[in-house]
$ cat entry-v8.cif   # mmCIF, C-alpha atoms
data_data
#
loop_
_atom_site.label_atom_id
_atom_site.label_comp_id
_atom_site.auth_asym_id
_atom_site.auth_seq_id
_atom_site.Cartn_x
_atom_site.Cartn_y
_atom_site.Cartn_z
CA MET A 22 -6.20 0.13 104.03
CA ALA A 23 -4.90 3.48 104.62
CA ILE A 24 -6.94 5.40 107.07
CA ASN A 25 -8.36 8.31 105.33
CA LYS A 26 -6.85 11.47 106.52
CA LYS A 27 -9.42 13.18 108.60
CA SER A 28 -10.13 16.48 107.08
CA LYS A 29 -10.49 19.28 109.50
CA VAL A 30 -14.06 20.35 109.42
CA SER A 31 -15.22 23.09 111.67
CA THR A 32 -17.89 21.72 114.00
CA GLU A 33 -19.31 25.02 115.11
CA ILE A 34 -23.05 25.27 115.07
CA PRO A 35 -23.96 28.47 113.25
CA THR A 36 -25.54 30.79 115.82
CA ALA A 37 -26.33 33.59 113.47
CA SER A 38 -30.05 32.78 113.60
CA MET A 39 -30.38 32.74 117.39
CA PRO A 40 -31.71 36.32 117.65
CA ASP A 41 -34.30 35.46 115.06
CA ILE A 42 -35.51 32.57 117.15
CA VAL A 43 -35.63 34.75 120.25
CA PHE A 44 -37.66 37.41 118.49
CA MET A 45 -40.02 34.81 117.06
CA LEU A 46 -40.64 33.47 120.56
CA LEU A 47 -41.18 36.99 121.86
CA LEU A 48 -43.64 37.78 119.08
CA PHE A 49 -45.53 34.60 119.77
CA PHE A 50 -46.00 35.51 123.40
CA MET A 51 -46.84 39.11 122.57
CA VAL A 52 -49.59 37.95 120.29
CA THR A 53 -51.05 35.25 122.48
CA THR A 54 -50.96 37.09 125.81
CA VAL A 55 -54.31 38.49 126.79
CA PHE A 56 -54.19 41.24 129.38
CA ARG A 57 -56.88 41.44 131.99
CA THR A 58 -59.20 44.16 130.71
CA SER A 59 -59.76 46.98 133.19
CA THR A 60 -61.86 45.40 135.83
CA GLY A 61 -64.35 47.18 137.90
CA LEU A 62 -66.50 50.19 137.19
CA ASP A 63 -65.51 53.34 135.41
CA ILE A 64 -64.58 55.83 138.11
CA THR A 65 -62.43 58.85 138.77
CA LEU A 66 -60.49 58.29 141.96
CA PRO A 67 -60.24 61.15 144.44
CA GLN A 68 -56.93 62.78 145.25
CA ALA A 69 -55.01 62.69 148.51
CA LYS A 70 -51.45 63.07 149.72
CA ARG A 71 -51.11 60.64 152.59
CA ILE A 72 -51.63 57.57 150.51
CA VAL A 73 -49.97 54.34 151.57
CA LYS A 74 -49.31 51.25 149.51
CA LEU A 75 -51.50 48.27 150.11
CA GLU A 76 -49.61 45.32 151.42
CA ALA A 77 -50.12 41.69 150.50
CA LYS A 78 -52.14 41.69 147.32
CA LYS A 79 -53.63 38.34 148.21
CA ASN A 80 -55.62 39.78 151.10
CA VAL A 81 -57.12 42.59 149.06
CA VAL A 82 -60.76 42.67 148.06
CA SER A 83 -61.64 45.47 145.64
CA LEU A 84 -64.89 47.31 146.19
CA TRP A 85 -65.84 49.70 143.38
CA ALA A 86 -68.53 52.33 143.67
CA ASN A 87 -69.38 54.81 140.94
CA VAL A 88 -71.32 58.07 140.95
CA GLU A 89 -74.61 56.37 140.08
CA GLY A 90 -74.37 54.18 143.15
CA ASP A 91 -73.51 50.87 141.46
CA ILE A 92 -71.29 48.74 143.62
CA SER A 93 -69.04 45.96 142.42
CA ILE A 94 -67.10 43.65 144.72
CA ASP A 95 -64.38 41.69 142.92
CA ASP A 96 -66.12 42.34 139.60
CA GLN A 97 -69.50 41.19 140.84
CA LEU A 98 -72.27 43.78 140.84
CA THR A 99 -73.81 43.92 144.28
CA PRO A 100 -76.71 45.98 145.63
CA VAL A 101 -75.85 48.00 148.74
CA LYS A 102 -77.86 45.80 151.10
CA GLU A 103 -76.08 42.67 149.90
CA ILE A 104 -72.58 43.91 150.68
CA ALA A 105 -72.69 42.43 154.17
CA ARG A 106 -73.64 39.00 152.86
CA VAL A 107 -70.95 38.97 150.17
CA MET A 108 -68.29 40.28 152.54
CA TYR A 109 -69.27 37.77 155.22
CA LYS A 110 -68.45 34.90 152.90
CA LYS A 111 -65.11 36.46 152.08
CA ILE A 112 -64.13 37.23 155.63
CA VAL A 113 -64.96 33.70 156.79
CA GLU A 114 -62.48 32.37 154.25
CA ASN A 115 -59.84 34.96 155.06
CA PRO A 116 -60.17 37.01 158.27
CA LEU A 117 -57.28 39.21 157.21
CA ILE A 118 -58.91 40.78 154.21
CA ILE A 119 -58.38 44.44 153.45
CA VAL A 120 -61.17 46.16 151.58
CA SER A 121 -59.77 48.52 148.98
CA MET A 122 -62.53 51.09 148.45
CA LYS A 123 -62.36 52.47 144.97
CA ILE A 124 -65.07 55.09 145.09
CA ASP A 125 -65.61 57.83 142.54
CA GLN A 126 -64.69 61.27 143.80
CA GLY A 127 -68.16 62.60 143.01
CA ALA A 128 -70.04 59.94 144.95
CA ASP A 129 -72.25 61.04 147.82
CA MET A 130 -71.15 60.36 151.37
CA GLY A 131 -74.53 58.75 151.95
CA LEU A 132 -73.45 55.87 149.71
CA VAL A 133 -70.04 55.69 151.37
CA THR A 134 -71.66 55.62 154.81
CA ASP A 135 -73.99 52.80 153.78
CA ILE A 136 -71.04 50.79 152.53
CA GLN A 137 -69.14 51.46 155.75
CA GLN A 138 -72.10 50.34 157.88
CA GLN A 139 -72.44 47.13 155.85
CA LEU A 140 -68.74 46.41 156.36
CA ARG A 141 -69.00 47.06 160.09
CA GLU A 142 -71.86 44.54 160.29
CA VAL A 143 -69.53 41.72 159.30
CA ASN A 144 -66.43 43.08 161.02
CA ALA A 145 -64.58 43.81 157.82
CA LEU A 146 -62.78 46.70 159.47
CA ARG A 147 -59.53 46.86 157.52
CA VAL A 148 -60.33 49.47 154.96
CA ASN A 149 -58.20 51.45 152.56
CA TYR A 150 -59.68 54.39 150.61
CA THR A 151 -57.94 54.32 147.23
CA ALA A 152 -56.81 57.66 145.88
CA ARG A 153 -54.47 59.21 143.34
CA TYR A 154 -51.61 61.29 144.59
CA GLY A 155 -52.49 64.92 144.42
CA ASP A 156 -53.93 67.95 146.10
CA MET B 5 2.38 57.63 93.63
CA LEU B 6 1.02 54.35 92.60
CA LEU B 7 -2.41 53.76 93.98
CA GLU B 8 -2.40 50.65 96.02
CA LYS B 9 -4.84 48.13 94.77
CA LYS B 10 -7.63 48.17 97.25
CA ARG B 11 -8.25 44.76 98.50
CA GLU B 12 -11.84 43.97 98.80
CA ARG B 13 -12.36 43.07 102.36
CA GLU B 14 -15.57 41.86 103.70
CA VAL B 15 -16.74 43.97 106.55
CA ALA B 16 -19.24 41.90 108.41
CA ILE B 17 -20.20 43.10 111.86
CA PRO B 18 -20.22 40.04 114.11
CA THR B 19 -23.84 39.50 115.09
CA SER B 20 -23.25 36.58 117.38
CA SER B 21 -23.68 38.75 120.46
CA MET B 22 -27.10 40.08 119.44
CA ALA B 23 -28.85 37.33 121.33
CA ASP B 24 -26.89 38.16 124.46
CA ILE B 25 -27.93 41.78 124.20
CA ALA B 26 -31.56 40.73 123.75
CA PHE B 27 -31.45 38.56 126.85
CA LEU B 28 -29.73 41.25 128.88
CA LEU B 29 -32.43 43.74 127.93
CA LEU B 30 -35.15 41.22 128.78
CA THR B 31 -33.55 40.45 132.13
CA PHE B 32 -33.31 44.15 132.91
CA PHE B 33 -37.03 44.67 132.35
CA LEU B 34 -37.97 41.51 134.22
CA VAL B 35 -36.07 42.72 137.22
CA THR B 36 -37.16 46.35 137.20
CA THR B 37 -40.86 45.95 136.39
CA SER B 38 -43.04 46.25 139.45
CA LEU B 39 -46.76 45.66 139.49
CA ASP B 40 -48.83 48.68 140.34
CA LEU B 41 -50.40 48.19 143.74
CA ASP B 42 -53.27 50.33 144.80
CA LYS B 43 -52.47 53.20 147.09
CA GLY B 44 -54.90 54.95 149.32
CA LEU B 45 -55.69 56.41 152.71
CA GLN B 46 -55.69 53.83 155.43
CA LEU B 47 -58.38 54.15 158.07
CA PRO B 48 -59.77 51.12 159.93
CA LEU B 49 -63.48 51.18 160.67
CA PRO B 50 -64.64 51.11 164.29
CA PRO B 51 -66.23 47.83 165.38
CA LYS B 52 -70.00 47.77 165.49
CA GLY B 53 -71.50 49.03 168.68
CA THR B 54 -68.76 51.39 169.74
CA GLN B 55 -70.28 54.73 170.57
CA GLN B 56 -68.83 56.77 173.37
CA GLU B 57 -69.36 60.20 174.75
CA ILE B 58 -66.16 62.18 174.92
CA SER B 59 -65.61 65.42 176.76
CA LYS B 60 -65.21 68.47 174.56
CA ASP B 61 -61.59 69.20 175.29
CA LYS B 62 -60.48 65.76 174.15
CA ILE B 63 -62.17 65.98 170.79
CA ALA B 64 -61.84 68.17 167.73
CA THR B 65 -64.87 68.12 165.50
CA LEU B 66 -64.95 68.72 161.77
CA PHE B 67 -68.35 69.13 160.17
CA VAL B 68 -68.73 69.11 156.41
CA ASN B 69 -72.01 70.11 154.82
CA ALA B 70 -73.44 69.17 151.45
CA ALA B 71 -71.84 72.17 149.74
CA GLY B 72 -68.37 71.24 150.97
CA ASP B 73 -68.02 73.95 153.62
CA ILE B 74 -66.05 72.84 156.62
CA LEU B 75 -66.61 73.81 160.24
CA TYR B 76 -63.76 73.21 162.65
CA ASP B 77 -65.16 73.37 166.17
CA ASP B 78 -67.95 75.63 164.91
CA GLU B 79 -65.61 77.91 163.00
CA GLU B 80 -65.53 78.03 159.23
CA ILE B 81 -62.22 76.91 157.80
CA ALA B 82 -60.70 76.24 154.40
CA VAL B 83 -59.53 72.72 153.62
CA ASN B 84 -55.85 73.56 153.44
CA ASN B 85 -55.81 75.17 156.88
CA ILE B 86 -57.05 72.11 158.71
CA LYS B 87 -53.62 70.54 158.93
CA ASP B 88 -51.95 73.53 160.54
CA ARG B 89 -54.76 74.17 163.03
CA LEU B 90 -54.84 70.52 164.03
CA LYS B 91 -51.07 70.36 164.41
CA VAL B 92 -51.25 73.10 167.01
CA ARG B 93 -53.91 71.25 168.99
CA LEU B 94 -52.16 67.93 168.62
CA ALA B 95 -48.97 69.40 170.01
CA GLN B 96 -50.92 70.20 173.20
CA ASN B 97 -52.75 66.87 173.28
CA PRO B 98 -51.33 64.06 171.16
CA ASP B 99 -54.23 61.80 172.12
CA LEU B 100 -56.74 64.19 170.66
CA ILE B 101 -59.66 62.49 168.96
CA VAL B 102 -60.50 64.02 165.62
CA SER B 103 -64.06 63.43 164.57
CA ILE B 104 -65.19 63.94 160.99
CA LYS B 105 -68.89 64.23 160.30
CA THR B 106 -70.27 64.68 156.83
CA ASP B 107 -73.69 65.22 155.38
CA ARG B 108 -75.17 62.41 153.30
CA ALA B 109 -74.93 64.65 150.25
CA THR B 110 -71.30 65.70 150.71
CA LYS B 111 -69.05 64.72 147.84
CA TYR B 112 -66.57 61.93 148.53
CA GLN B 113 -63.63 64.03 147.33
CA VAL B 114 -64.29 66.62 150.05
CA PHE B 115 -64.29 63.90 152.67
CA MET B 116 -61.03 62.52 151.27
CA SER B 117 -59.41 65.95 151.33
CA VAL B 118 -60.44 66.46 154.96
CA LEU B 119 -59.24 62.98 155.94
CA ASP B 120 -56.01 63.64 154.06
CA GLN B 121 -55.44 66.88 156.01
CA VAL B 122 -56.18 65.13 159.30
CA GLN B 123 -53.69 62.39 158.51
CA LEU B 124 -51.12 64.94 157.34
CA ALA B 125 -51.45 66.55 160.75
CA GLU B 126 -50.39 63.16 162.16
CA ALA B 127 -53.54 62.59 164.16
CA THR B 128 -53.67 59.07 165.54
CA LYS B 129 -57.24 58.86 166.75
CA ILE B 130 -59.57 59.56 163.89
CA SER B 131 -63.24 58.81 164.10
CA ILE B 132 -65.86 59.08 161.40
CA ALA B 133 -69.21 60.11 162.80
CA GLU B 134 -72.41 58.82 161.27
CA PRO B 135 -74.24 61.45 159.26
CA ASP B 136 -77.69 62.39 160.43
CA GLU B 137 -80.47 60.62 158.57
#
$ encode --input "entry-v8.cif" --output "structure tokens"
Amino acid sequence: MAINKKSKVSTEIPTASMPDIVFMLLLFFMVTTVFRTSTGLDITLPQAKRIVKLEAKKNVVSLWANVEGDISIDDQLTPVKEIARVMYKKIVENPLIIVSMKIDQGADMGLVTDIQQQLREVNALRVNYTARYGD
Amino acid sequence: MLLEKKREREVAIPTSSMADIAFLLLTFFLVTTSLDLDKGLQLPLPPKGTQQEISKDKIATLFVNAAGDILYDDEEIAVNNIKDRLKVRLAQNPDLIVSIKTDRATKYQVFMSVLDQVQLAEATKISIAEPDE
């Protein structure tokens, strides 16, 4: 039997649809990704010039305080007197924590002082006062 | 002149490299995106129980009242002048202790501006005094 002459067939896989697949994948992720909604309280940060970047995000505990005097530590509303207790638990787990104080610019220093005293009680001394760059 | 018969040629732009361009763009953004870390003024708190009396020449005091007026060593001063005045004193005594005392009703922004000026003056020993009850 004569061997059939092999016809030359191009064996290229058509790649014309690859961008479509990529965009489909992208769209899928765009639709299913849920961004973390703005955590913490609604505040207007004060302005300062000598601001430094916080290092090591894993050591940072966010403390929010708004004008009304509500305080939230890591998205958990805390009364002023309880700050020491909450911070004690955190500092026992990680002695290197830095407290990022996100306090509204219109808050009274009385509130700030109370927070500072609570932090001093439990030796959470590494504090950073968050601010926007400005005059 | 005889018009040459125009041959119909298919003009298809090769789209095979579109995926490469998409990936390059993606890679660019992956590499250049940086997460926004908080920025702020750094000032460690003093440990509990540390209260010391310091002699007057080693300390510069800044008092801020509820209205936001600032007294620098008992002399009224505007916020923006603090840096320059402190720089002069710091040149004489780099170990100068700068003490900031606010009223309980002072606005936080005023405190931040004062602290900012003190840090801009490159003071190394900053102390926050407890407001009077």
$ resolve_selection --input "entry-v8.cif" --expression "the PyMOL selection byres ((chain B) within 6 of (chain A))" --output "count of residues only"
18
$ resolve_selection --input "entry-v8.cif" --expression "the PyMOL selection byres ((chain B and resi 54) around 12)" --output "ChimeraX atom specification"
/A:141 /B:49-53,55-57,131-134
$ atom_distance --input "entry-v8.cif" --atom1 "CA of Ala82 in chain B" --atom2 "CA of Asp99 in chain B"
23.8 Å
$ atom_distance --input "entry-v8.cif" --atom1 "CA of Asp63 in chain A" --atom2 "CA of Asp96 in chain A"
11.8 Å
$ closest_residue --input "entry-v8.cif" --among "A:Val82, A:Ile94, A:Ile136, A:Leu62" --to "Ile118 in chain A" --atoms "all atoms listed in the file"
A:Val82
$ resolve_selection --input "entry-v8.cif" --expression "the PyMOL selection byres ((chain B and resi 125) around 12)" --output "PyMOL selection string"
(chain A and resi 70-71) or (chain B and resi 84-95+98+100+102+118-124+126-130)
$ atom_distance --input "entry-v8.cif" --atom1 "CA of Val107 in chain A" --atom2 "CA of Thr106 in chain B"
26.6 Å
$ closest_residue --input "entry-v8.cif" --among "A:Ala86, A:Thr54, A:Leu46, A:Lys79" --to "Asn115 in chain A" --atoms "all atoms listed in the file"
A:Lys79
$ closest_residue --input "entry-v8.cif" --among "B:Val83, B:Val35, B:Leu66, B:Ile74" --to "Ile101 in chain B" --atoms "only C-alpha atoms"
B:Leu66
